[in-house]
$ cat final35.txt   # compact mmCIF, C-alpha atoms
# COMPACT_ATOMS: atom_id res chain seq x y z
CA MET A 1 9.03 -5.63 -20.12
CA ARG A 2 7.90 -6.39 -23.69
CA GLU A 3 7.54 -3.65 -26.22
CA ILE A 4 6.80 -3.73 -29.95
CA THR A 5 6.03 -1.39 -32.82
CA ALA A 6 3.29 -2.41 -35.22
CA SER A 7 1.64 -0.90 -38.30
CA GLY A 8 -1.74 -0.99 -39.99
CA GLN A 9 -4.00 0.95 -42.39
CA THR A 10 -5.33 2.89 -39.43
CA VAL A 11 -4.22 3.49 -35.83
CA GLU A 12 -6.96 1.14 -34.68
CA GLU A 13 -5.71 -1.63 -36.95
CA ALA A 14 -2.07 -1.05 -35.97
CA LYS A 15 -3.10 -1.32 -32.31
CA GLU A 16 -5.00 -4.54 -32.93
CA ASN A 17 -2.00 -6.02 -34.72
CA ALA A 18 0.29 -5.13 -31.84
CA LEU A 19 -2.06 -6.57 -29.21
CA ARG A 20 -2.46 -9.78 -31.23
CA GLN A 21 1.31 -10.21 -31.50
CA LEU A 22 1.78 -9.69 -27.76
CA GLY A 23 -1.29 -11.70 -26.83
CA LEU A 24 -2.48 -8.92 -24.50
CA THR A 25 -5.63 -6.84 -24.06
CA GLU A 26 -5.81 -3.06 -24.26
CA ASP A 27 -5.86 -2.47 -20.49
CA GLN A 28 -2.59 -4.39 -20.10
CA VAL A 29 -0.52 -1.99 -22.22
CA ASN A 30 0.64 1.60 -22.68
CA LEU A 31 0.02 2.85 -26.19
CA GLU A 32 1.91 5.49 -28.08
CA VAL A 33 0.92 6.60 -31.59
CA ILE A 34 4.07 7.15 -33.66
CA ASP A 35 2.36 7.96 -36.97
CA GLU A 36 -1.36 8.42 -37.53
CA GLY A 37 -0.99 7.44 -41.20
CA LYS A 38 -2.96 8.83 -44.12
CA LYS A 39 -5.89 7.38 -45.99
CA GLY A 40 -4.75 8.76 -49.36
CA LEU A 41 -6.79 9.13 -52.49
CA LEU A 42 -9.22 6.23 -52.98
CA GLY A 43 -7.24 4.51 -50.27
CA ILE A 44 -4.42 3.88 -52.75
CA PHE A 45 -2.49 6.97 -53.84
CA GLY A 46 -0.46 8.79 -51.22
CA SER A 47 -1.59 6.57 -48.42
CA LYS A 48 0.66 6.11 -45.44
CA ARG A 49 0.53 3.34 -42.91
CA ALA A 50 -0.17 4.09 -39.24
CA TYR A 51 2.43 3.08 -36.63
CA VAL A 52 1.98 2.52 -32.93
CA LYS A 53 4.32 1.55 -30.12
CA VAL A 54 2.82 -0.77 -27.54
CA GLN A 55 4.46 -1.50 -24.22
CA GLU A 56 3.36 -4.12 -21.74
CA LYS A 57 2.28 -2.49 -18.46
CA ILE A 58 3.87 -3.81 -15.29
CA ASP A 59 1.31 -5.92 -13.47
CA LEU A 60 1.06 -4.13 -10.11
CA ALA A 61 -1.32 -6.75 -8.73
CA LYS A 62 1.36 -9.38 -9.19
CA ILE A 63 4.03 -7.17 -7.58
CA GLY A 64 1.83 -6.63 -4.51
CA GLN A 65 0.90 -10.28 -4.33
CA GLN A 66 4.53 -11.41 -4.37
CA PHE A 67 5.53 -8.77 -1.82
CA LEU A 68 2.82 -9.83 0.65
CA GLN A 69 3.51 -13.49 0.09
CA SER A 70 7.24 -13.24 0.75
CA VAL A 71 6.88 -10.89 3.72
CA SER A 72 4.26 -13.17 5.33
CA LEU A 73 6.42 -16.20 4.69
CA GLU A 74 9.38 -14.52 6.42
CA MET A 75 7.02 -13.76 9.31
CA GLY A 76 6.39 -17.47 9.57
CA VAL A 77 2.85 -17.38 8.19
CA GLU A 78 1.82 -19.15 5.03
CA VAL A 79 -0.88 -17.26 3.16
CA ASP A 80 -2.74 -17.22 -0.10
CA VAL A 81 -3.03 -13.71 -1.46
CA LYS A 82 -6.15 -13.07 -3.52
CA VAL A 83 -6.39 -9.89 -5.55
CA HIS A 84 -9.52 -7.95 -6.45
CA ASN A 85 -8.99 -5.19 -8.93
CA ASN A 86 -11.49 -2.32 -9.06
CA ASP A 87 -10.49 0.72 -11.11
CA ASP A 88 -7.48 2.30 -9.44
CA GLU A 89 -7.80 0.23 -6.31
CA LEU A 90 -6.10 -3.07 -5.60
CA VAL A 91 -7.56 -5.10 -2.76
CA PHE A 92 -5.31 -7.88 -1.46
CA GLU A 93 -7.00 -10.48 0.68
CA LEU A 94 -4.85 -12.65 2.94
CA VAL A 95 -6.21 -16.15 3.42
CA GLY A 96 -4.74 -18.85 5.63
CA GLU A 97 -4.11 -19.97 9.19
CA LYS A 98 -2.47 -17.78 11.84
CA ILE A 99 -3.97 -14.73 10.14
CA GLY A 100 -4.40 -13.10 13.56
CA LEU A 101 -0.64 -12.51 13.66
CA LEU A 102 -0.89 -10.54 10.42
CA ILE A 103 -3.79 -8.43 11.68
CA GLY A 104 -2.41 -7.55 15.11
CA LYS A 105 -3.88 -5.40 17.85
CA ARG A 106 -6.50 -3.04 16.37
CA GLY A 107 -5.24 -4.02 12.94
CA GLN A 108 -1.90 -2.30 13.40
CA THR A 109 0.09 -5.06 11.69
CA LEU A 110 -2.40 -5.23 8.83
CA ASN A 111 -2.19 -1.42 8.47
CA ALA A 112 1.62 -1.55 8.45
CA LEU A 113 1.54 -4.28 5.78
CA GLN A 114 -0.94 -2.23 3.77
CA TYR A 115 1.26 0.87 3.91
CA LEU A 116 4.44 -1.05 2.98
CA THR A 117 2.64 -2.81 0.12
CA HIS A 118 1.37 0.56 -1.11
CA LEU A 119 4.97 1.85 -1.19
CA ALA A 120 6.37 -1.26 -2.89
CA VAL A 121 3.63 -1.35 -5.54
CA ASN A 122 3.65 2.34 -6.40
CA LYS A 123 7.44 2.53 -6.60
CA VAL A 124 7.64 0.16 -9.58
CA ASP A 125 6.09 2.20 -12.38
CA ALA A 126 5.78 5.99 -12.27
CA SER A 127 3.08 5.94 -14.97
CA GLN A 128 0.63 4.02 -12.78
CA TYR A 129 -0.80 4.91 -9.38
CA VAL A 130 -3.09 2.67 -7.38
CA THR A 131 -4.70 2.68 -3.95
CA VAL A 132 -3.79 -0.41 -1.95
CA VAL A 133 -6.06 -2.15 0.54
CA VAL A 134 -4.82 -5.19 2.46
CA ASP A 135 -7.61 -7.15 4.11
CA ALA A 136 -7.91 -10.44 6.01
CA GLU A 137 -10.92 -12.27 7.38
CA ASN A 138 -13.14 -9.34 6.47
CA TYR A 139 -11.29 -7.17 9.00
CA ARG A 140 -11.89 -3.90 7.13
CA GLU A 141 -15.67 -4.30 7.20
CA ARG A 142 -15.72 -5.36 10.85
CA ARG A 143 -13.48 -2.41 11.74
CA ASN A 144 -15.78 -0.10 9.82
CA GLU A 145 -18.71 -1.20 12.02
CA THR A 146 -16.66 -0.86 15.20
CA LEU A 147 -15.59 2.66 14.26
CA HIS A 148 -19.18 3.69 13.57
CA GLN A 149 -20.22 2.44 17.02
CA LEU A 150 -17.21 4.13 18.63
CA ALA A 151 -18.06 7.41 16.87
CA GLU A 152 -21.66 7.35 18.15
CA LYS A 153 -20.59 6.45 21.69
CA LEU A 154 -17.93 9.16 21.93
CA ALA A 155 -20.22 11.76 20.35
CA SER A 156 -22.76 11.07 23.08
CA LYS A 157 -20.01 11.37 25.68
CA ALA A 158 -18.95 14.76 24.28
CA VAL A 159 -22.55 16.00 24.40
CA ARG A 160 -23.12 14.65 27.91
CA THR A 161 -19.93 16.09 29.43
CA GLY A 162 -19.81 19.23 27.29
CA GLU A 163 -16.09 18.58 26.77
CA ASP A 164 -13.90 17.69 23.78
CA VAL A 165 -13.27 13.97 23.34
CA LYS A 166 -9.95 12.88 21.86
CA ILE A 167 -9.74 9.51 20.11
CA GLU A 168 -6.51 7.51 19.98
CA PRO A 169 -4.31 8.03 16.87
CA MET A 170 -5.52 6.32 13.69
CA PRO A 171 -4.41 6.14 10.07
CA SER A 172 -6.12 8.57 7.67
CA PHE A 173 -8.52 6.04 6.11
CA GLU A 174 -9.87 5.16 9.57
CA ARG A 175 -10.19 8.82 10.61
CA LYS A 176 -12.20 9.38 7.47
CA ILE A 177 -14.73 6.74 8.57
CA ILE A 178 -15.27 8.61 11.87
CA HIS A 179 -15.48 12.06 10.23
CA THR A 180 -18.03 10.72 7.75
CA ALA A 181 -20.03 8.93 10.45
CA LEU A 182 -20.42 12.15 12.46
CA HIS A 183 -20.67 14.54 9.54
CA ASP A 184 -24.45 14.92 9.83
CA HIS A 185 -24.55 14.75 13.62
CA ASP A 186 -26.51 17.72 15.02
CA SER A 187 -24.66 18.23 18.30
CA VAL A 188 -20.95 17.66 17.53
CA THR A 189 -18.25 18.58 15.02
CA THR A 190 -15.03 16.68 14.36
CA HIS A 191 -11.52 17.66 13.38
CA SER A 192 -8.04 16.10 13.51
CA GLU A 193 -4.97 17.24 15.43
CA GLY A 194 -1.30 16.21 15.50
CA LYS A 195 0.94 14.77 12.82
CA ASP A 196 0.81 11.36 11.18
CA PRO A 197 1.35 8.65 12.32
CA ASN A 198 0.04 10.13 15.59
CA ARG A 199 -2.75 12.24 14.13
CA TYR A 200 -6.01 11.83 16.05
CA ILE A 201 -9.62 12.98 15.97
CA VAL A 202 -11.20 15.43 18.38
CA ILE A 203 -14.99 15.40 18.80
CA LYS A 204 -16.25 18.82 19.86
CA PRO A 205 -19.74 19.34 21.31
CA ASN A 206 -21.62 22.28 19.76
CA LYS A 207 -22.06 25.21 22.10
CA MET B 1 14.21 -12.05 10.97
CA LYS B 2 17.17 -10.54 9.14
CA ALA B 3 15.67 -11.92 5.92
CA LEU B 4 12.28 -10.42 6.83
CA ILE B 5 13.75 -6.93 7.13
CA GLU B 6 15.58 -7.34 3.82
CA THR B 7 12.41 -8.63 2.13
CA ILE B 8 10.47 -5.58 3.31
CA VAL B 9 13.12 -2.97 2.58
CA GLN B 10 14.60 -4.03 -0.76
CA PRO B 11 11.47 -3.22 -2.84
CA LEU B 12 11.26 0.25 -1.26
CA VAL B 13 14.72 1.55 -2.17
CA ASP B 14 16.61 2.51 -5.31
CA HIS B 15 19.67 0.48 -4.33
CA PRO B 16 18.39 -2.87 -3.05
CA GLU B 17 21.86 -4.42 -3.33
CA GLU B 18 23.11 -2.02 -0.66
CA VAL B 19 20.56 -3.04 1.96
CA GLN B 20 22.39 -4.53 4.92
CA VAL B 21 21.11 -5.90 8.17
CA THR B 22 23.41 -6.84 11.04
CA VAL B 23 22.35 -8.40 14.32
CA GLU B 24 23.51 -7.84 17.84
CA GLU B 25 22.06 -10.21 20.39
CA THR B 26 22.35 -10.26 24.16
CA ASP B 27 20.48 -12.23 26.84
CA GLU B 28 17.53 -9.89 27.00
CA LYS B 29 17.50 -8.10 23.66
CA ILE B 30 18.06 -8.41 19.93
CA ARG B 31 19.10 -5.33 18.02
CA TYR B 32 18.93 -5.19 14.21
CA HIS B 33 20.95 -2.51 12.45
CA LEU B 34 19.63 -1.59 9.03
CA THR B 35 21.87 0.31 6.63
CA VAL B 36 20.96 1.48 3.14
CA ASN B 37 22.51 3.76 0.53
CA GLU B 38 22.54 7.32 1.85
CA ASN B 39 20.08 8.41 -0.85
CA ASP B 40 17.63 5.76 0.31
CA VAL B 41 17.52 6.76 3.98
CA GLY B 42 14.35 8.81 3.51
CA LYS B 43 12.70 5.83 1.81
CA VAL B 44 13.07 3.64 4.88
CA ILE B 45 12.29 6.32 7.48
CA GLY B 46 9.53 8.32 5.79
CA LYS B 47 7.82 11.51 6.84
CA ASN B 48 7.63 11.66 10.64
CA GLY B 49 9.18 8.19 10.70
CA ARG B 50 6.06 6.62 9.24
CA ILE B 51 7.85 3.97 7.17
CA ALA B 52 10.27 3.09 9.98
CA LYS B 53 7.26 2.65 12.28
CA ALA B 54 5.55 0.29 9.81
CA ILE B 55 8.75 -1.78 9.46
CA ARG B 56 9.07 -2.05 13.25
CA THR B 57 5.40 -3.02 13.63
CA VAL B 58 5.82 -5.93 11.21
CA VAL B 59 9.12 -7.04 12.81
CA HIS B 60 7.60 -6.93 16.30
CA ALA B 61 4.62 -9.00 15.15
CA ALA B 62 6.96 -11.59 13.65
CA GLY B 63 9.02 -11.65 16.85
CA SER B 64 6.06 -11.86 19.23
CA ASP B 65 6.95 -15.43 20.17
CA ILE B 66 10.55 -14.48 20.99
CA ASP B 67 11.10 -13.78 24.66
CA LYS B 68 13.43 -10.82 24.07
CA LYS B 69 13.05 -7.15 23.37
CA ILE B 70 13.52 -6.42 19.67
CA PHE B 71 14.93 -3.19 18.30
CA VAL B 72 15.33 -2.06 14.71
CA ASP B 73 17.88 0.75 14.28
CA ILE B 74 18.23 2.55 11.00
CA MET B 75 21.75 3.67 10.08
$ encode --input "final35.txt" --output "structure tokens"
Amino acid sequence: MREITASGQTVEEAKENALRQLGLTEDQVNLEVIDEGKKGLLGIFGSKRAYVKVQEKIDLAKIGQQFLQSVSLEMGVEVDVKVHNNDDELVFELVGEKIGLLIGKRGQTLNALQYLTHLAVNKVDASQYVTVVVDAENYRERRNETLHQLAEKLASKAVRTGEDVKIEPMPSFERKIIHTALHDHDSVTTHSEGKDPNRYIVIKPNK
Amino acid sequence: MKALIETIVQPLVDHPEEVQVTVEETDEKIRYHLTVNENDVGKVIGKNGRIAKAIRTVVHAAGSDIDKKIFVDIM
């Protein structure tokens, strides 16, 4: 990890000097101001230079990409891993043949890979935290639609039978899709029971 | 498969050099024993066994073309 100290007339200038020397942009570094400096009289007498310490941030996207690539390779599947970076979310997209093996039944393999990648990525640097999404062949969007349909169907069943309907265990981000889908439903309420990884949703008809 | 388990586990622990996987194979099953530094045990099991479950899911997917039952034991 590269780290340098640089100076300038102002903090801003010191920062620019440091970034130029490292050849990096502001979002790729951690910045620490060591001395704010002083302008001094007429910019000459009693002036003090500003000092900053700039440290290259660990590239979490690269860490996740390498992790997924080597794990897939050991699974016998060659993949390209594309990364989309939005704010504090890293979306890794697996592209290649035999992707079905990496998705698995109801996405369980993809979810396991997503969870393990999340752990590997967030272990590296305590000063950064990111949400990790691992996707393949648009699985997340397709699953989102399926879960919406499932939510509607089971809500109708709960209303029709007047009994609670339990859904099979799902990871938290999938439960959230169901809760949200039924949030404004007039005739049912939803809640979760059990402990992860076996936590599941119960749809309750209103009395 | 041994390499797969090592590839998954090493980035998750504080002592990657102490990750060890041994194999025990019979006619109908393959059993992998994973050992890590005692301070890393929680990092490969997780709350309610969540991490262990994820590791097993990936190993089972990779071994789906093997005609034997696969087990991953931790410690």
$ interface_residues --input "final35.txt" --of "chain A" --to "chain B" --cutoff "9 Å" --atoms "only C-alpha atoms" --output "VMD selection string"
chain A and resid 67 70 to 77 101 to 102 104 108 to 113 115 to 117 119 to 121 123 to 124 195 to 197
$ closest_residue --input "final35.txt" --among "A:Lys53, A:Asp59, A:Ile99, A:Gly107" --to "A:Asn85" --atoms "all atoms listed in the file"
A:Asp59
$ atom_distance --input "final35.txt" --atom1 "atom CA of A:Val29" --atom2 "atom CA of A:Tyr129"
14.6 Å
$ closest_residue --input "final35.txt" --among "A:Ala155, A:Leu90, A:Val165, A:Leu147" --to "A:Ile178" --atoms "all atoms listed in the file"
A:Leu147
$ residues_around --input "final35.txt" --residues "A:Met170" --least-positions-apart "5" --cutoff "8 Å" --atoms "all atoms listed in the file" --output "list in words"
Arg175, Pro197, Asn198, Arg199 and Tyr200 of chain A
$ atom_distance --input "final35.txt" --atom1 "atom CA of A:Ser7" --atom2 "atom CA of A:Lys57"
19.9 Å
$ residues_around --input "final35.txt" --residues "B:Leu34" --least-positions-apart "2" --cutoff "7 Å" --atoms "only C-alpha atoms" --output "PDB file with C-alpha atoms, keeping the file's coordinate frame"
ATOM      1  CA  GLN B  20      22.390  -4.530   4.920  1.00  0.00           C
ATOM      2  CA  VAL B  21      21.110  -5.900   8.170  1.00  0.00           C
ATOM      3  CA  THR B  22      23.410  -6.840  11.040  1.00  0.00           C
ATOM      4  CA  TYR B  32      18.930  -5.190  14.210  1.00  0.00           C
ATOM      5  CA  VAL B  36      20.960   1.480   3.140  1.00  0.00           C
ATOM      6  CA  ASP B  73      17.880   0.750  14.280  1.00  0.00           C
ATOM      7  CA  ILE B  74      18.230   2.550  11.000  1.00  0.00           C
ATOM      8  CA  MET B  75      21.750   3.670  10.080  1.00  0.00           C
TER       9      MET B  75
END
$ atom_distance --input "final35.txt" --atom1 "atom CA of A:Lys176" --atom2 "atom CA of A:His148"
10.9 Å
$ residues_around --input "final35.txt" --residues "A:Glu36" --least-positions-apart "5" --cutoff "10 Å" --atoms "all atoms listed in the file" --output "PyMOL selection string"
chain A and resi 7-12+14+48-52
$ build_atoms --input "final35.txt" --residues "stretch 8-27 of chain B" --atoms "N, CA and C atoms" --output "tab-separated table (two decimals), in the coordinates of the input"
chain	number	residue	atom	x	y	z
B	8	ILE	N	11.32	-6.77	3.25
B	8	ILE	CA	10.47	-5.58	3.31
B	8	ILE	C	11.15	-4.39	2.64
B	9	VAL	N	12.44	-4.21	2.96
B	9	VAL	CA	13.12	-2.97	2.58
B	9	VAL	C	13.57	-2.92	1.12
B	10	GLN	N	14.04	-4.04	0.60
B	10	GLN	CA	14.60	-4.03	-0.76
B	10	GLN	C	13.66	-3.45	-1.83
B	11	PRO	N	12.35	-3.81	-1.81
B	11	PRO	CA	11.47	-3.22	-2.84
B	11	PRO	C	11.20	-1.72	-2.67
B	12	LEU	N	11.58	-1.15	-1.52
B	12	LEU	CA	11.26	0.25	-1.26
B	12	LEU	C	12.36	1.21	-1.68
B	13	VAL	N	13.56	0.68	-1.94
B	13	VAL	CA	14.72	1.55	-2.17
B	13	VAL	C	15.21	1.51	-3.62
B	14	ASP	N	16.04	2.48	-3.96
B	14	ASP	CA	16.61	2.51	-5.31
B	14	ASP	C	17.84	1.61	-5.44
B	15	HIS	N	18.46	1.31	-4.31
B	15	HIS	CA	19.67	0.48	-4.33
B	15	HIS	C	19.51	-0.74	-3.44
B	16	PRO	N	18.67	-1.70	-3.90
B	16	PRO	CA	18.39	-2.87	-3.05
B	16	PRO	C	19.66	-3.67	-2.69
B	17	GLU	N	20.65	-3.62	-3.59
B	17	GLU	CA	21.86	-4.42	-3.33
B	17	GLU	C	22.67	-3.85	-2.17
B	18	GLU	N	22.36	-2.62	-1.77
B	18	GLU	CA	23.11	-2.02	-0.66
B	18	GLU	C	22.39	-2.12	0.68
B	19	VAL	N	21.28	-2.85	0.69
B	19	VAL	CA	20.56	-3.04	1.96
B	19	VAL	C	21.33	-4.05	2.82
B	20	GLN	N	21.65	-3.64	4.03
B	20	GLN	CA	22.39	-4.53	4.92
B	20	GLN	C	21.76	-4.58	6.30
B	21	VAL	N	21.65	-5.77	6.83
B	21	VAL	CA	21.11	-5.90	8.17
B	21	VAL	C	22.11	-6.69	9.01
B	22	THR	N	22.53	-6.10	10.13
B	22	THR	CA	23.41	-6.84	11.04
B	22	THR	C	22.67	-7.03	12.36
B	23	VAL	N	23.06	-8.04	13.09
B	23	VAL	CA	22.35	-8.40	14.32
B	23	VAL	C	23.28	-8.36	15.51
B	24	GLU	N	22.75	-7.88	16.60
B	24	GLU	CA	23.51	-7.84	17.84
B	24	GLU	C	22.59	-8.42	18.90
B	25	GLU	N	22.97	-9.54	19.47
B	25	GLU	CA	22.06	-10.21	20.39
B	25	GLU	C	22.67	-10.38	21.77
B	26	THR	N	21.92	-10.01	22.78
B	26	THR	CA	22.35	-10.26	24.16
B	26	THR	C	21.28	-11.11	24.84
B	27	ASP	N	21.43	-11.35	26.14
B	27	ASP	CA	20.48	-12.23	26.84
B	27	ASP	C	19.06	-11.71	26.79
